[in-house]
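Heads up, entry_10.txt below (compact mmCIF, C-alpha atoms):
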```txt
# COMPACT_ATOMS: atom_id res chain seq x y z
CA MET A 1 -70.20 -75.40 161.78
CA LEU A 2 -67.09 -74.56 163.73
CA ARG A 3 -63.97 -74.56 161.63
CA TYR A 4 -60.78 -75.87 163.09
CA LYS A 5 -58.14 -73.30 163.91
CA SER A 6 -54.66 -74.21 165.01
CA ASN A 7 -53.98 -73.22 168.59
CA LEU A 8 -50.44 -73.07 169.93
CA ILE A 9 -51.32 -73.87 173.54
CA ILE A 10 -53.29 -76.99 172.62
CA LEU A 11 -50.53 -78.18 170.30
CA MET A 12 -47.82 -77.72 172.94
CA VAL A 13 -49.84 -79.41 175.69
CA ARG A 14 -50.50 -82.33 173.36
CA HIS A 15 -46.76 -82.50 172.59
CA VAL A 16 -45.96 -82.80 176.28
CA VAL A 17 -48.78 -85.06 177.43
CA CYS A 18 -49.09 -87.58 174.57
CA PRO A 19 -45.87 -89.62 175.17
CA PHE A 20 -46.60 -89.93 178.88
CA ILE A 21 -50.08 -91.28 178.20
CA MET A 22 -48.58 -93.84 175.79
CA LEU A 23 -45.97 -94.87 178.36
CA PHE A 24 -48.65 -95.25 181.02
CA ALA A 25 -50.70 -97.37 178.61
CA LEU A 26 -47.75 -99.72 178.07
CA TYR A 27 -47.23 -99.85 181.83
CA VAL A 28 -50.87 -100.77 182.40
CA ILE A 29 -50.70 -103.55 179.79
CA PHE A 30 -47.39 -105.08 180.87
CA HIS A 31 -47.89 -104.63 184.61
CA GLY A 32 -51.30 -106.28 184.54
CA HIS A 33 -49.83 -109.36 186.17
CA TYR A 34 -49.06 -107.49 189.37
CA SER A 35 -51.50 -104.60 189.63
CA PRO A 36 -54.96 -103.67 188.38
CA GLY A 37 -54.95 -103.35 184.64
CA GLY A 38 -54.63 -105.46 181.55
CA GLY A 39 -55.35 -105.45 177.89
CA PHE A 40 -58.71 -103.68 177.82
CA GLN A 41 -57.67 -100.82 180.11
CA GLY A 42 -54.26 -100.33 178.55
CA GLY A 43 -55.67 -100.41 175.03
CA THR A 44 -58.23 -97.79 175.97
CA ILE A 45 -55.56 -95.48 177.40
CA MET A 46 -53.45 -95.93 174.26
CA ALA A 47 -56.48 -95.09 172.12
CA ALA A 48 -57.02 -92.00 174.29
CA SER A 49 -53.55 -90.75 173.43
CA LEU A 50 -54.10 -91.34 169.71
CA LEU A 51 -57.49 -89.62 169.84
CA LEU A 52 -55.92 -86.67 171.68
CA MET A 53 -53.61 -86.30 168.69
CA ARG A 54 -56.58 -86.40 166.34
CA LEU A 55 -58.56 -83.88 168.38
CA ALA A 56 -55.73 -81.43 168.89
CA ALA A 57 -53.90 -81.40 165.58
CA GLY A 58 -56.63 -82.30 163.11
CA ARG A 59 -56.95 -85.25 160.87
CA GLU A 60 -54.23 -84.66 158.29
CA ILE A 61 -51.43 -84.24 160.81
CA ALA A 62 -52.65 -87.17 162.89
CA GLN A 63 -52.31 -89.41 159.84
CA LEU A 64 -48.54 -89.07 160.23
CA GLN A 65 -48.77 -90.71 163.64
CA PHE A 66 -51.34 -93.42 163.01
CA LYS A 67 -52.88 -93.88 159.58
CA SER A 68 -56.61 -94.48 159.78
CA ILE A 69 -56.38 -97.17 157.08
CA LEU A 70 -54.22 -99.20 159.49
CA ALA A 71 -56.84 -99.35 162.23
CA THR A 72 -59.08 -102.21 161.09
CA PRO A 73 -56.20 -104.53 160.04
CA LEU A 74 -54.48 -103.92 163.39
CA GLY A 75 -57.67 -104.86 165.22
CA SER A 76 -57.86 -108.06 163.23
CA ILE A 77 -54.21 -108.77 164.02
CA GLY A 78 -54.96 -108.35 167.72
CA VAL A 79 -57.75 -110.93 167.56
CA LEU A 80 -55.47 -113.18 165.50
CA ILE A 81 -52.78 -113.00 168.21
CA TYR A 82 -55.33 -114.28 170.71
CA PHE A 83 -56.53 -117.04 168.38
CA GLY A 84 -52.94 -117.88 167.44
CA THR A 85 -51.95 -118.34 171.07
CA GLY A 86 -54.86 -120.70 171.53
CA PHE A 87 -54.14 -122.62 168.35
CA THR A 88 -50.41 -122.88 169.14
CA ALA A 89 -51.32 -124.57 172.39
CA LEU A 90 -53.80 -126.75 170.50
CA LEU A 91 -51.28 -127.81 167.85
CA SER A 92 -48.56 -128.69 170.35
CA GLY A 93 -50.66 -131.25 172.13
CA GLY A 94 -52.93 -129.50 174.59
CA GLU A 95 -56.39 -128.04 174.60
CA PHE A 96 -57.40 -124.76 172.98
CA LEU A 97 -56.11 -121.85 175.12
CA ASN A 98 -54.32 -124.16 177.55
CA TYR A 99 -51.13 -122.14 177.85
CA ARG A 100 -49.22 -124.90 179.60
CA PHE A 101 -48.65 -126.56 176.20
CA LEU A 102 -47.11 -123.53 174.49
CA PRO A 103 -43.95 -124.66 172.64
CA PHE A 104 -41.33 -122.60 174.48
CA ALA A 105 -38.45 -124.54 175.95
CA GLY A 106 -37.01 -123.89 179.37
CA PHE A 107 -40.09 -122.71 181.23
CA THR A 108 -42.03 -124.38 183.98
CA ALA A 109 -45.78 -124.83 183.59
CA ALA A 110 -46.62 -121.83 185.77
CA GLU A 111 -44.23 -119.58 183.86
CA LEU A 112 -45.70 -120.76 180.56
CA ARG A 113 -49.16 -119.81 181.79
CA SER A 114 -47.86 -116.39 182.81
CA LEU A 115 -46.31 -115.95 179.36
CA GLY A 116 -49.52 -117.01 177.64
CA ILE A 117 -51.51 -114.49 179.68
CA LEU A 118 -49.07 -111.76 178.61
CA MET A 119 -49.42 -112.67 174.90
CA VAL A 120 -53.20 -112.65 175.19
CA GLU A 121 -53.20 -109.27 176.93
CA ILE A 122 -51.03 -107.78 174.17
CA GLY A 123 -53.50 -109.03 171.57
CA VAL A 124 -56.46 -107.60 173.48
CA GLY A 125 -54.73 -104.23 173.92
CA LEU A 126 -53.85 -103.99 170.23
CA ALA A 127 -57.41 -104.84 169.15
CA VAL A 128 -59.09 -102.42 171.58
CA MET A 129 -56.74 -99.57 170.65
CA ALA A 130 -57.19 -100.03 166.90
CA ILE A 131 -60.95 -100.49 167.03
CA LEU A 132 -61.55 -97.38 169.15
CA VAL A 133 -59.51 -95.26 166.75
CA ALA A 134 -61.33 -96.87 163.80
CA ILE A 135 -64.75 -96.01 165.27
CA TYR A 136 -63.67 -92.39 165.80
CA ASP A 137 -62.43 -92.13 162.23
CA ASP A 138 -65.61 -93.69 160.86
CA LEU A 139 -67.77 -91.23 162.80
CA LEU A 140 -65.85 -88.28 161.37
CA GLU A 141 -65.95 -89.57 157.81
CA GLY A 142 -66.93 -86.84 155.40
CA TYR A 143 -66.37 -83.73 157.52
CA PRO A 144 -63.84 -81.56 155.72
CA ASN A 145 -62.01 -79.80 158.57
CA ASP A 146 -62.21 -82.14 161.47
CA MET B 1 -98.62 -90.86 179.11
CA LYS B 2 -95.43 -89.34 180.50
CA ILE B 3 -96.89 -89.44 184.00
CA ILE B 4 -97.70 -93.13 183.64
CA ASN B 5 -94.17 -93.84 182.41
CA GLY B 6 -92.66 -91.96 185.33
CA LEU B 7 -94.87 -93.76 187.83
CA LEU B 8 -93.94 -97.11 186.30
CA LEU B 9 -90.25 -96.26 186.55
CA ILE B 10 -90.57 -95.18 190.16
CA ALA B 11 -92.54 -98.31 191.03
CA PHE B 12 -89.96 -100.55 189.37
CA GLY B 13 -87.12 -98.76 191.14
CA ALA B 14 -88.89 -99.17 194.47
CA LEU B 15 -89.34 -102.87 193.70
CA LEU B 16 -85.62 -103.24 192.99
CA VAL B 17 -84.67 -101.42 196.19
CA TYR B 18 -87.05 -103.66 198.13
CA ALA B 19 -85.54 -106.76 196.53
CA SER B 20 -82.02 -105.59 197.34
CA LEU B 21 -82.93 -105.53 201.02
CA GLY B 22 -83.04 -109.32 200.95
CA LEU B 23 -79.42 -109.68 199.85
CA PRO B 24 -76.83 -110.64 202.45
CA ASP B 25 -74.39 -108.00 203.66
CA ARG B 26 -70.87 -107.71 202.34
CA GLY B 27 -68.42 -110.19 203.76
CA VAL B 28 -70.92 -112.40 205.57
CA VAL B 29 -69.23 -115.78 205.71
CA ASP B 30 -72.44 -117.80 206.04
CA ALA B 31 -74.10 -116.39 202.90
CA VAL B 32 -74.74 -118.97 200.20
CA MET B 33 -72.48 -117.41 197.60
CA HIS B 34 -69.60 -117.05 200.06
CA ARG B 35 -69.63 -120.63 201.29
CA GLU B 36 -66.92 -122.98 200.16
CA LYS B 37 -69.43 -125.59 199.04
CA SER B 38 -72.69 -125.08 197.23
CA PRO B 39 -75.97 -126.13 198.90
CA ALA B 40 -75.78 -129.38 196.91
CA GLY B 41 -72.41 -130.15 198.50
CA SER B 42 -70.15 -129.71 195.49
CA GLN B 43 -66.96 -127.67 195.68
CA GLY B 44 -67.33 -124.06 194.56
CA ALA B 45 -65.06 -122.63 191.87
CA SER B 46 -64.19 -119.41 193.67
CA SER B 47 -62.36 -121.06 196.55
CA TYR B 48 -60.26 -123.03 194.07
CA TYR B 49 -59.35 -119.83 192.22
CA ILE B 50 -58.40 -118.00 195.40
CA ARG B 51 -56.18 -120.84 196.59
CA ASN B 52 -54.50 -121.82 193.33
CA ALA B 53 -54.34 -118.76 191.06
CA ASP B 54 -50.85 -117.69 192.14
CA LYS B 55 -49.52 -121.25 192.11
CA ASP B 56 -50.99 -122.18 188.73
CA ALA B 57 -49.98 -119.18 186.69
CA ASN B 58 -47.14 -117.54 188.64
CA THR B 59 -49.11 -114.30 188.63
CA PRO B 60 -50.03 -112.46 191.82
CA ASN B 61 -53.04 -110.68 190.32
CA MET B 62 -55.89 -113.13 190.69
CA VAL B 63 -58.23 -111.15 188.44
CA THR B 64 -55.85 -111.39 185.49
CA VAL B 65 -55.49 -115.14 185.91
CA ILE B 66 -59.25 -115.66 186.01
CA LEU B 67 -59.84 -113.29 183.08
CA ALA B 68 -57.19 -114.60 180.72
CA ASP B 69 -56.54 -118.17 181.79
CA TYR B 70 -59.43 -119.83 183.64
CA ARG B 71 -62.00 -117.89 181.63
CA GLY B 72 -60.03 -117.50 178.41
CA TYR B 73 -62.95 -118.35 176.17
CA ASP B 74 -64.96 -115.50 177.67
CA THR B 75 -62.25 -112.93 176.97
CA LEU B 76 -61.88 -114.28 173.44
CA GLY B 77 -65.58 -113.69 172.90
CA GLU B 78 -65.37 -110.17 174.31
CA GLU B 79 -62.55 -109.29 171.97
CA THR B 80 -64.47 -110.71 169.01
CA VAL B 81 -67.46 -108.57 170.03
CA ILE B 82 -65.28 -105.44 170.02
CA LEU B 83 -63.88 -106.33 166.59
CA THR B 84 -67.38 -106.94 165.28
CA ALA B 85 -68.54 -103.56 166.59
CA GLY B 86 -65.68 -101.85 164.82
CA LEU B 87 -66.35 -103.65 161.56
CA ILE B 88 -70.06 -102.78 161.72
CA CYS B 89 -69.20 -99.11 162.28
CA PHE B 90 -66.92 -99.36 159.26
CA LEU B 91 -69.67 -100.88 157.11
CA VAL B 92 -72.45 -98.54 158.21
CA LEU B 93 -70.66 -95.19 158.37
CA ARG B 94 -68.10 -95.28 155.57
CA ARG B 95 -69.32 -93.85 152.31
CA LYS B 96 -68.27 -95.00 148.90
CA LYS B 97 -65.99 -92.60 147.14
CA ASN B 98 -67.55 -90.95 144.09
CA LYS B 99 -65.51 -91.46 140.97
CA SER B 100 -66.46 -88.13 139.42
```

Would you mind writing the file out in structure tokens?
Amino acid sequence: MLRYKSNLIILMVRHVVCPFIMLFALYVIFHGHYSPGGGFQGGTIMAASLLLMRLAAGREIAQLQFKSILATPLGSIGVLIYFGTGFTALLSGGEFLNYRFLPFAGFTAAELRSLGILMVEIGVGLAVMAILVAIYDDLLEGYPND
Amino acid sequence: MKIINGLLLIAFGALLVYASLGLPDRGVVDAVMHREKSPAGSQGASSYYIRNADKDANTPNMVTVILADYRGYDTLGEETVILTAGLICFLVLRRKKNKS
């Protein structure tokens, strides 16, 4: 089996590229109202940046950036954000996932729907990011120098 | 056996290609799925989405409105599927730590 050896070029390229990938992921999530993109795509790009860290620097160093024990709870929190948006609309008088009934004052109905879509996309992005990282970590479970 | 499998695959592919010849071309206005009303005379959903997506949700991207608002239940189910896949990977692949 190949043993991991630290390589200066890979580490430096990861240093430079990783923040830009994260920024682009946030752009894809939050600009999904106006351009192609959204929660699934942005979450996948964010997971790609985290996995680049894990591939380039090895597992122990990558734990400093994103602990693998955090992945499954974050995925559950993402799903809970989606459910919570729906239930907030349900509890304040509307139907489940009818964002017009979200309890925020000072918005018109169309703006409330836009806001609800944004909350849902954030939940989807969080869940997709965390679950992809969790699957990668589960696959590498048990290898000593990964 | 391999030859029979290959022949079956080729025959099925040829059948699919032949069936795709019967589909209407892109952008044909008179095709059934592009008409405003269904053959039974009821209003189709797609024309409503195209006309009202920007007005309803104040969002220019029609795909996002359909994905997250009109079809919110569907996206909720997709996200639950992804979470379930992650949890199943966790359950199948993680090993118990030996206390030795």

Between B:Gly86, B:Gly72, B:Gly77, B:Gly22, which residue has the minimum interatomic distance to Asn98 of chain A, considering only C-alpha atoms?
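Going through B:Gly86, B:Gly72, B:Gly77, B:Gly22 one by one, the smallest distance to Asn98 of chain A is for B:Gly72.
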
Restricting the calculation to all atoms listed in the file: of A:Ser92, A:Ser114, A:Ser68, A:Asn7, which residue gets closest to chain B?
A:Ser114

Show which residues sit within 12 Å of Lys55 of chain B, as a ChimeraX atom specification. Count all atoms listed in the file, and ignore same-chain residues fewer than 5 positions away.
/A:108-111,113-114 /B:48-50,60-62,65

Dump C-alpha atoms for the selected residues as a PDB file, in the frame of the given file?
```
ATOM      1  CA  THR A 108     -42.030-124.380 183.980  1.00  0.00           C
ATOM      2  CA  ALA A 109     -45.780-124.830 183.590  1.00  0.00           C
ATOM      3  CA  ALA A 110     -46.620-121.830 185.770  1.00  0.00           C
ATOM      4  CA  GLU A 111     -44.230-119.580 183.860  1.00  0.00           C
ATOM      5  CA  ARG A 113     -49.160-119.810 181.790  1.00  0.00           C
ATOM      6  CA  SER A 114     -47.860-116.390 182.810  1.00  0.00           C
TER       7      SER A 114
ATOM      8  CA  TYR B  48     -60.260-123.030 194.070  1.00  0.00           C
ATOM      9  CA  TYR B  49     -59.350-119.830 192.220  1.00  0.00           C
ATOM     10  CA  ILE B  50     -58.400-118.000 195.400  1.00  0.00           C
ATOM     11  CA  PRO B  60     -50.030-112.460 191.820  1.00  0.00           C
ATOM     12  CA  ASN B  61     -53.040-110.680 190.320  1.00  0.00           C
ATOM     13  CA  MET B  62     -55.890-113.130 190.690  1.00  0.00           C
ATOM     14  CA  VAL B  65     -55.490-115.140 185.910  1.00  0.00           C
TER      15      VAL B  65
END
```

Can you build me a table of chain B residues sitting at most 10 Å from chain A, with the closest atom pair per residue and its distance in Å to one decimal, using all atoms listed in the file, sorted by chain and residue number, as a Markdown table?
```
| residue | atom | partner | partner_atom | distance |
| --- | --- | --- | --- | --- |
| B:Ala53 | CA | A:Ala110 | CA | 9.8 |
| B:Asp54 | CA | A:Ala110 | CA | 8.7 |
| B:Lys55 | CA | A:Ala110 | CA | 7.0 |
| B:Asp56 | CA | A:Ala110 | CA | 5.3 |
| B:Ala57 | CA | A:Ala110 | CA | 4.4 |
| B:Asn58 | CA | A:Ala110 | CA | 5.2 |
| B:Thr59 | CA | A:His33 | CA | 5.6 |
| B:Pro60 | CA | A:Tyr34 | CA | 5.6 |
| B:Asn61 | CA | A:Tyr34 | CA | 5.2 |
| B:Met62 | CA | A:His33 | CA | 8.4 |
| B:Val63 | CA | A:Pro36 | CA | 8.2 |
| B:Thr64 | CA | A:His33 | CA | 6.4 |
| B:Val65 | CA | A:Ile117 | CA | 7.4 |
| B:Leu67 | CA | A:Ile117 | CA | 9.1 |
| B:Ala68 | CA | A:Ile117 | CA | 5.8 |
| B:Asp69 | CA | A:Ile117 | CA | 6.6 |
| B:Tyr70 | CA | A:Asn98 | CA | 9.1 |
| B:Arg71 | CA | A:Leu97 | CA | 9.6 |
| B:Gly72 | CA | A:Leu97 | CA | 6.7 |
| B:Tyr73 | CA | A:Leu97 | CA | 7.8 |
| B:Thr75 | CA | A:Val124 | CA | 8.6 |
| B:Leu76 | CA | A:Tyr82 | CA | 7.1 |
| B:Gly77 | CA | A:Val79 | CA | 9.9 |
| B:Glu78 | CA | A:Val124 | CA | 9.3 |
| B:Glu79 | CA | A:Val124 | CA | 6.5 |
| B:Thr80 | CA | A:Val79 | CA | 6.9 |
| B:Ile82 | CA | A:Val128 | CA | 7.1 |
| B:Leu83 | CA | A:Gly75 | CA | 6.5 |
| B:Thr84 | CA | A:Ile131 | CA | 9.3 |
| B:Ala85 | CA | A:Ile131 | CA | 8.2 |
| B:Gly86 | CA | A:Ile131 | CA | 5.4 |
| B:Leu87 | CA | A:Thr72 | CA | 7.4 |
| B:Ile88 | CA | A:Ile135 | CA | 9.3 |
| B:Cys89 | CA | A:Ile135 | CA | 6.2 |
| B:Phe90 | CA | A:Asp138 | CA | 6.0 |
| B:Leu91 | CA | A:Asp138 | CA | 9.1 |
| B:Val92 | CA | A:Asp138 | CA | 8.8 |
| B:Leu93 | CA | A:Asp138 | CA | 5.8 |
| B:Arg94 | CA | A:Asp138 | CA | 6.1 |
| B:Arg95 | CA | A:Glu141 | CA | 7.7 |
```

Measure the distance from atom CA of Met33 of chain B to atom CA of Asp74 of chain B in Å and round it to one decimal.
21.4 Å

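Considering the residues A:Phe24, A:Phe87, A:Phe30, A:Phe66 and counting all atoms listed in the file, Pro103 of chain A has its shortest atom-to-atom contact with A:Phe87.
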
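You will find atom CA of Gly43 of chain A at 11.2 Å from atom CA of Ile21 of chain A.
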
So how many Å separate atom CA of Leu55 of chain A and atom CA of Val28 of chain A, to one decimal?
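So the two atoms, atom CA of Leu55 of chain A and atom CA of Val28 of chain A, lie 23.3 Å apart.
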
With all atoms listed in the file as the counted atoms, please give the residues lying no more than 7 Å from Phe101 of chain A, apart from itself and same-chain residues fewer than 5 positions off, as a list of chain:residue names.
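The filter keeps A:Ala89, A:Ser92, A:Gly93, A:Gly94.
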
Is it possible to get the residues within 10 Å of (-57.5, -92.0, 175.3) (coordinates as in the file, counting all atoms listed in the file) written as a PyMOL selection string?
chain A and resi 18+21-22+25+42-53+129+132-133

Looking at all atoms listed in the file, which of A:Ala57, A:Val16, A:Leu8, A:Leu102 is the one that sits closest to Gly84 of chain A?
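Of the candidates, the smallest distance to Gly84 of chain A is held by A:Leu102.
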
First collect every listed atom of segment 86-90 of chain B; then fit an axis-aligned box around them, widen it by 5 Å on each side, and give centre and edge lengths in Å to one decimal, as lines of an AutoDock Vina configuration file.
```
center_x = -67.9
center_y = -101.4
center_z = 162.0
size_x = 14.4
size_y = 14.5
size_z = 15.6
```
